[in-house]
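What follows is one structure encoded as structure tokens, with my remarks underneath.
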Amino acid sequence: MVGGTFDPLHDGHKRLISRSFEIAGQEGLVVVGLTTDSFASRKIHPIRPFDVRKSDLVTYITENRYPAKWVIEPLQDRFGSAIDADFDAIVVSEETLPVAMEINKLRKVQGGRKVDIHQISCVLADDGRWISSTRIYKGEIDIHGHMLN
């Protein structure tokens with residue numbers, strides 16, 4: 001499992017998604033949780049509509065021809081189906097590691113098994129700071145982390 005708002009879909013997101021497919025392998029299934037418009041509205045910058053963000057994800061995944069099966073599901077809160085679903089691993093960034101740890105705590109409380117947490121390093125922009133959607137929307141960097149100012 002992997003989740004996010006993915007707006008705009010930048011190199012950090014792409015690393016997260018690619019790692020998810022690596023872990024899943026050829027026979028696996030990757031569940032991509034995509035925040036709904038109402039849940040994403042908590043962001044401090046504008047968010048494009050769910051269907052537009054989903055289309056970008058579909059294009060990226062399809063173009064990369066990952067061998068694993070995949071599905072995109074609406075993410076209406078921080079956890080989505082991760083508390084109850086039967087899956088093996090969750091892939092997170094340094095920024096979202098605490099959410100994965102909380103998911104495992106909640107799974108344990110409900111009698112479920114812990115899932116493996118795979119943390120990727122955030123992708124750095126040219127200035128050595130993380131690539132983030134907020135920085136892209138502010139016009140500081142592009143989706144590859146190249147400086148715009």
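For the structure tokens, the naming scheme is as follows: chains receive sequential letters (A, B, ...) according to their order of presentation, residues are indexed from 1 within each chain, and ligands are indexed from 1 in presentation order.
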Exercise for the section: as a list in words, list the residues of region 20-142 of chain A assigned to strand (DSSP E or B) by DSSP on the backbone atoms of this structure. Expected result: Leu29, Val30, Val31, Val32, Gly33, Leu34, Thr35, Lys69, Trp70, Val71, Ile72, Glu73, Pro74, Leu75, Ala89, Ile90, Val91, Val92, Asp116, Ile117, His118, Gln119, Leu124, Trp130 and Ile141 of chain A
Would you save the residues of that selection, restricted to N, CA and C atoms, as a PDB file, in the first residue's frame?
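Written output follows (again-v8.pdb):
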ATOM      1  N   LEU A  29       0.221  -7.046  -5.703  1.00  0.00           N
ATOM      2  CA  LEU A  29      -0.833  -6.068  -5.941  1.00  0.00           C
ATOM      3  C   LEU A  29      -0.450  -4.804  -5.193  1.00  0.00           C
ATOM      4  N   VAL A  30      -0.453  -3.677  -5.877  1.00  0.00           N
ATOM      5  CA  VAL A  30      -0.192  -2.391  -5.244  1.00  0.00           C
ATOM      6  C   VAL A  30      -1.516  -1.644  -5.121  1.00  0.00           C
ATOM      7  N   VAL A  31      -1.844  -1.270  -3.899  1.00  0.00           N
ATOM      8  CA  VAL A  31      -3.026  -0.456  -3.645  1.00  0.00           C
ATOM      9  C   VAL A  31      -2.532   0.972  -3.434  1.00  0.00           C
ATOM     10  N   VAL A  32      -2.977   1.873  -4.299  1.00  0.00           N
ATOM     11  CA  VAL A  32      -2.613   3.279  -4.199  1.00  0.00           C
ATOM     12  C   VAL A  32      -3.807   4.025  -3.642  1.00  0.00           C
ATOM     13  N   GLY A  33      -3.663   4.533  -2.432  1.00  0.00           N
ATOM     14  CA  GLY A  33      -4.715   5.360  -1.841  1.00  0.00           C
ATOM     15  C   GLY A  33      -4.535   6.793  -2.314  1.00  0.00           C
ATOM     16  N   LEU A  34      -5.554   7.343  -2.921  1.00  0.00           N
ATOM     17  CA  LEU A  34      -5.521   8.713  -3.434  1.00  0.00           C
ATOM     18  C   LEU A  34      -6.534   9.542  -2.652  1.00  0.00           C
ATOM     19  N   THR A  35      -6.057  10.611  -2.010  1.00  0.00           N
ATOM     20  CA  THR A  35      -6.949  11.410  -1.174  1.00  0.00           C
ATOM     21  C   THR A  35      -8.125  11.956  -1.979  1.00  0.00           C
ATOM     22  N   LYS A  69      -0.107  -6.159 -10.439  1.00  0.00           N
ATOM     23  CA  LYS A  69      -1.451  -5.589 -10.575  1.00  0.00           C
ATOM     24  C   LYS A  69      -1.531  -4.369  -9.665  1.00  0.00           C
ATOM     25  N   TRP A  70      -2.485  -3.502  -9.941  1.00  0.00           N
ATOM     26  CA  TRP A  70      -2.636  -2.312  -9.119  1.00  0.00           C
ATOM     27  C   TRP A  70      -4.068  -1.820  -9.145  1.00  0.00           C
ATOM     28  N   VAL A  71      -4.392  -1.053  -8.125  1.00  0.00           N
ATOM     29  CA  VAL A  71      -5.712  -0.441  -8.013  1.00  0.00           C
ATOM     30  C   VAL A  71      -5.532   0.894  -7.293  1.00  0.00           C
ATOM     31  N   ILE A  72      -6.325   1.860  -7.679  1.00  0.00           N
ATOM     32  CA  ILE A  72      -6.339   3.154  -7.004  1.00  0.00           C
ATOM     33  C   ILE A  72      -7.658   3.238  -6.245  1.00  0.00           C
ATOM     34  N   GLU A  73      -7.558   3.486  -4.929  1.00  0.00           N
ATOM     35  CA  GLU A  73      -8.769   3.595  -4.129  1.00  0.00           C
ATOM     36  C   GLU A  73      -8.834   4.961  -3.457  1.00  0.00           C
ATOM     37  N   PRO A  74     -10.040   5.498  -3.283  1.00  0.00           N
ATOM     38  CA  PRO A  74     -10.192   6.795  -2.627  1.00  0.00           C
ATOM     39  C   PRO A  74      -9.741   6.720  -1.170  1.00  0.00           C
ATOM     40  N   LEU A  75      -9.003   7.712  -0.748  1.00  0.00           N
ATOM     41  CA  LEU A  75      -8.497   7.796   0.615  1.00  0.00           C
ATOM     42  C   LEU A  75      -9.221   8.962   1.291  1.00  0.00           C
ATOM     43  N   ALA A  89       2.830  -4.874   3.132  1.00  0.00           N
ATOM     44  CA  ALA A  89       3.775  -3.771   3.307  1.00  0.00           C
ATOM     45  C   ALA A  89       3.138  -2.437   2.973  1.00  0.00           C
ATOM     46  N   ILE A  90       3.656  -1.416   3.626  1.00  0.00           N
ATOM     47  CA  ILE A  90       3.264  -0.045   3.320  1.00  0.00           C
ATOM     48  C   ILE A  90       4.549   0.720   3.017  1.00  0.00           C
ATOM     49  N   VAL A  91       4.478   1.558   1.993  1.00  0.00           N
ATOM     50  CA  VAL A  91       5.640   2.331   1.577  1.00  0.00           C
ATOM     51  C   VAL A  91       5.362   3.799   1.884  1.00  0.00           C
ATOM     52  N   VAL A  92       6.301   4.417   2.600  1.00  0.00           N
ATOM     53  CA  VAL A  92       6.124   5.791   3.056  1.00  0.00           C
ATOM     54  C   VAL A  92       7.410   6.584   2.844  1.00  0.00           C
ATOM     55  N   ASP A 116       4.930  -4.757   7.170  1.00  0.00           N
ATOM     56  CA  ASP A 116       6.268  -4.198   7.003  1.00  0.00           C
ATOM     57  C   ASP A 116       6.169  -2.749   6.558  1.00  0.00           C
ATOM     58  N   ILE A 117       7.011  -1.913   7.125  1.00  0.00           N
ATOM     59  CA  ILE A 117       7.072  -0.505   6.737  1.00  0.00           C
ATOM     60  C   ILE A 117       8.357  -0.289   5.957  1.00  0.00           C
ATOM     61  N   HIS A 118       8.217   0.195   4.746  1.00  0.00           N
ATOM     62  CA  HIS A 118       9.367   0.511   3.896  1.00  0.00           C
ATOM     63  C   HIS A 118       9.408   2.024   3.722  1.00  0.00           C
ATOM     64  N   GLN A 119      10.464   2.627   4.237  1.00  0.00           N
ATOM     65  CA  GLN A 119      10.607   4.079   4.150  1.00  0.00           C
ATOM     66  C   GLN A 119      11.610   4.427   3.058  1.00  0.00           C
ATOM     67  N   LEU A 124      15.540  15.055  -3.152  1.00  0.00           N
ATOM     68  CA  LEU A 124      15.985  16.420  -2.902  1.00  0.00           C
ATOM     69  C   LEU A 124      15.963  17.257  -4.175  1.00  0.00           C
ATOM     70  N   TRP A 130      13.831  19.037   0.395  1.00  0.00           N
ATOM     71  CA  TRP A 130      12.884  18.083  -0.174  1.00  0.00           C
ATOM     72  C   TRP A 130      12.072  18.693  -1.299  1.00  0.00           C
ATOM     73  N   ILE A 141      10.223  25.519  -7.211  1.00  0.00           N
ATOM     74  CA  ILE A 141      10.837  24.418  -7.965  1.00  0.00           C
ATOM     75  C   ILE A 141       9.817  23.828  -8.927  1.00  0.00           C
TER      76      ILE A 141
END
Restrict the calculation to only C-alpha atoms, then for each residue of region 29-102 of chain A with any atom at most 10 Å from an atom of region 5-13 of chain A give the closest atom pair and their distance in Å to one decimal, rows by chain and rising residue number, as a Markdown table.
| residue | atom | partner | partner_atom | distance |
| --- | --- | --- | --- | --- |
| A:Gly33 | CA | A:Thr5 | CA | 8.4 |
| A:Leu34 | CA | A:Thr5 | CA | 5.6 |
| A:Thr35 | CA | A:Thr5 | CA | 5.0 |
| A:Thr36 | CA | A:Thr5 | CA | 8.0 |
| A:Asp37 | CA | A:Thr5 | CA | 9.0 |
| A:Phe39 | CA | A:Thr5 | CA | 9.0 |
| A:Ala40 | CA | A:Thr5 | CA | 6.5 |
| A:Ser41 | CA | A:Thr5 | CA | 10.0 |
| A:Lys43 | CA | A:Thr5 | CA | 9.3 |
| A:His45 | CA | A:Asp7 | CA | 9.9 |
| A:Pro46 | CA | A:Asp7 | CA | 9.1 |
| A:Ile47 | CA | A:Asp7 | CA | 6.5 |
| A:Arg48 | CA | A:Asp7 | CA | 6.9 |
| A:Pro49 | CA | A:Asp7 | CA | 9.4 |
| A:Phe50 | CA | A:Thr5 | CA | 8.7 |
| A:Val52 | CA | A:Asp7 | CA | 9.3 |
| A:Arg53 | CA | A:Asp7 | CA | 6.4 |
| A:Lys54 | CA | A:Phe6 | CA | 8.6 |
| A:Asp56 | CA | A:Leu9 | CA | 7.2 |
| A:Leu57 | CA | A:Leu9 | CA | 7.5 |
| A:Tyr60 | CA | A:Leu9 | CA | 8.9 |
| A:Leu75 | CA | A:Thr5 | CA | 8.8 |
| A:Val92 | CA | A:His13 | CA | 9.9 |
| A:Ser93 | CA | A:Gly12 | CA | 8.6 |
Write the selection just made, keeping N, CA and C atoms, as a tab-separated table (two decimals), in the first residue's frame?
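File part_4.tsv, as written:
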chain	number	residue	atom	x	y	z
A	33	GLY	N	-3.66	4.53	-2.43
A	33	GLY	CA	-4.71	5.36	-1.84
A	33	GLY	C	-4.53	6.79	-2.31
A	34	LEU	N	-5.55	7.34	-2.92
A	34	LEU	CA	-5.52	8.71	-3.43
A	34	LEU	C	-6.53	9.54	-2.65
A	35	THR	N	-6.06	10.61	-2.01
A	35	THR	CA	-6.95	11.41	-1.17
A	35	THR	C	-8.13	11.96	-1.98
A	36	THR	N	-9.28	11.90	-1.36
A	36	THR	CA	-10.48	12.47	-1.97
A	36	THR	C	-10.37	14.00	-1.94
A	37	ASP	N	-11.20	14.65	-2.70
A	37	ASP	CA	-11.18	16.11	-2.72
A	37	ASP	C	-11.46	16.69	-1.34
A	39	PHE	N	-10.91	15.31	1.66
A	39	PHE	CA	-9.78	15.08	2.57
A	39	PHE	C	-8.58	15.93	2.15
A	40	ALA	N	-8.36	16.09	0.87
A	40	ALA	CA	-7.21	16.86	0.37
A	40	ALA	C	-7.39	18.36	0.60
A	41	SER	N	-8.60	18.79	0.85
A	41	SER	CA	-8.86	20.22	1.02
A	41	SER	C	-8.17	20.80	2.25
A	43	LYS	N	-5.07	20.75	2.74
A	43	LYS	CA	-3.76	21.24	2.29
A	43	LYS	C	-3.75	22.77	2.25
A	45	HIS	N	-2.29	24.52	-0.06
A	45	HIS	CA	-2.25	25.00	-1.44
A	45	HIS	C	-3.41	24.38	-2.21
A	46	PRO	N	-3.75	24.93	-3.36
A	46	PRO	CA	-4.86	24.37	-4.15
A	46	PRO	C	-4.57	22.93	-4.57
A	47	ILE	N	-5.62	22.16	-4.69
A	47	ILE	CA	-5.51	20.76	-5.12
A	47	ILE	C	-6.41	20.57	-6.33
A	48	ARG	N	-5.86	19.93	-7.36
A	48	ARG	CA	-6.68	19.63	-8.53
A	48	ARG	C	-7.69	18.54	-8.18
A	49	PRO	N	-8.77	18.44	-8.93
A	49	PRO	CA	-9.82	17.45	-8.63
A	49	PRO	C	-9.29	16.00	-8.65
A	50	PHE	N	-9.96	15.16	-7.87
A	50	PHE	CA	-9.61	13.75	-7.73
A	50	PHE	C	-9.40	13.08	-9.09
A	52	VAL	N	-8.62	14.25	-11.97
A	52	VAL	CA	-7.42	14.72	-12.68
A	52	VAL	C	-6.18	14.08	-12.06
A	53	ARG	N	-6.11	14.06	-10.73
A	53	ARG	CA	-4.97	13.44	-10.05
A	53	ARG	C	-4.92	11.94	-10.33
A	54	LYS	N	-6.09	11.31	-10.36
A	54	LYS	CA	-6.14	9.88	-10.65
A	54	LYS	C	-5.65	9.62	-12.08
A	56	ASP	N	-3.49	11.31	-13.78
A	56	ASP	CA	-2.03	11.42	-13.77
A	56	ASP	C	-1.37	10.15	-13.24
A	57	LEU	N	-1.93	9.60	-12.17
A	57	LEU	CA	-1.39	8.35	-11.60
A	57	LEU	C	-1.52	7.20	-12.59
A	60	TYR	N	1.08	7.57	-15.31
A	60	TYR	CA	2.43	7.26	-14.84
A	60	TYR	C	2.62	5.74	-14.67
A	75	LEU	N	-9.00	7.71	-0.75
A	75	LEU	CA	-8.50	7.80	0.62
A	75	LEU	C	-9.22	8.96	1.29
A	92	VAL	N	6.30	4.42	2.60
A	92	VAL	CA	6.12	5.79	3.06
A	92	VAL	C	7.41	6.58	2.84
A	93	SER	N	7.27	7.88	2.95
A	93	SER	CA	8.44	8.77	2.93
A	93	SER	C	8.83	9.07	4.37
Handout entry: Nearest candidate to Gly80 (chain A) (options A:Gly3, A:Ile120, A:Lys114, A:Glu102; using only C-alpha atoms)
Key =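 Nearest candidate to Gly80 (chain A) out of A:Gly3, A:Ile120, A:Lys114, A:Glu102: A:Gly3.
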Exercise for the section: Compile the contact shell of Asn64 (chain A) as a PyMOL selection string: residues with an atom at most 12 Å away, counting only C-alpha atoms, same-chain residues fewer than 5 positions apart removed. Expected result: chain A and resi 14+17-18+21-22+57-59
Practice task
Within 10 Å of Phe79 (chain A), counting only C-alpha atoms, which residues show up once you throw out same-chain ones fewer than 2 positions away? Write them as a list in words, please.
Solution key: Gly3, Gly33, Leu75, Gln76, Asp77, Ser81, Ala82, Ile83, Asp84, Val99, Ala100, Glu102, Ile103 and Leu106 of chain A
Could you write out that same residue set with C-alpha atoms as an mmCIF file, in the first residue's frame?
data_model
loop_
_atom_site.group_PDB
_atom_site.id
_atom_site.type_symbol
_atom_site.label_atom_id
_atom_site.label_comp_id
_atom_site.auth_asym_id
_atom_site.auth_seq_id
_atom_site.Cartn_x
_atom_site.Cartn_y
_atom_site.Cartn_z
ATOM 1 C CA GLY A 3 -1.062 6.706 -0.322
ATOM 2 C CA GLY A 33 -4.715 5.360 -1.841
ATOM 3 C CA LEU A 75 -8.497 7.796 0.615
ATOM 4 C CA GLN A 76 -10.984 9.644 2.819
ATOM 5 C CA ASP A 77 -8.784 9.810 5.912
ATOM 6 C CA SER A 81 -8.329 0.595 4.221
ATOM 7 C CA ALA A 82 -4.889 0.063 5.800
ATOM 8 C CA ILE A 83 -6.308 -0.728 9.241
ATOM 9 C CA ASP A 84 -8.487 -3.635 8.102
ATOM 10 C CA VAL A 99 1.262 7.501 9.906
ATOM 11 C CA ALA A 100 2.523 3.999 9.023
ATOM 12 C CA GLU A 102 0.145 4.503 13.799
ATOM 13 C CA ILE A 103 -1.459 2.117 11.295
ATOM 14 C CA LEU A 106 -4.212 0.351 15.304
#
Practice task
Quick one: pick out all helix (DSSP H, G or I) residues within chain A from a backbone DSSP run and write them as a ChimeraX atom specification.
Solution key: /A:11-24,37-40,50-64,80-83,97-109,133-137
Problem - Asp127 (chain A) environment, 12 Å, only C-alpha atoms, sequence neighbours closer than 5 positions dropped, as a ChimeraX atom specification - result: /A:135,140-141,144-149
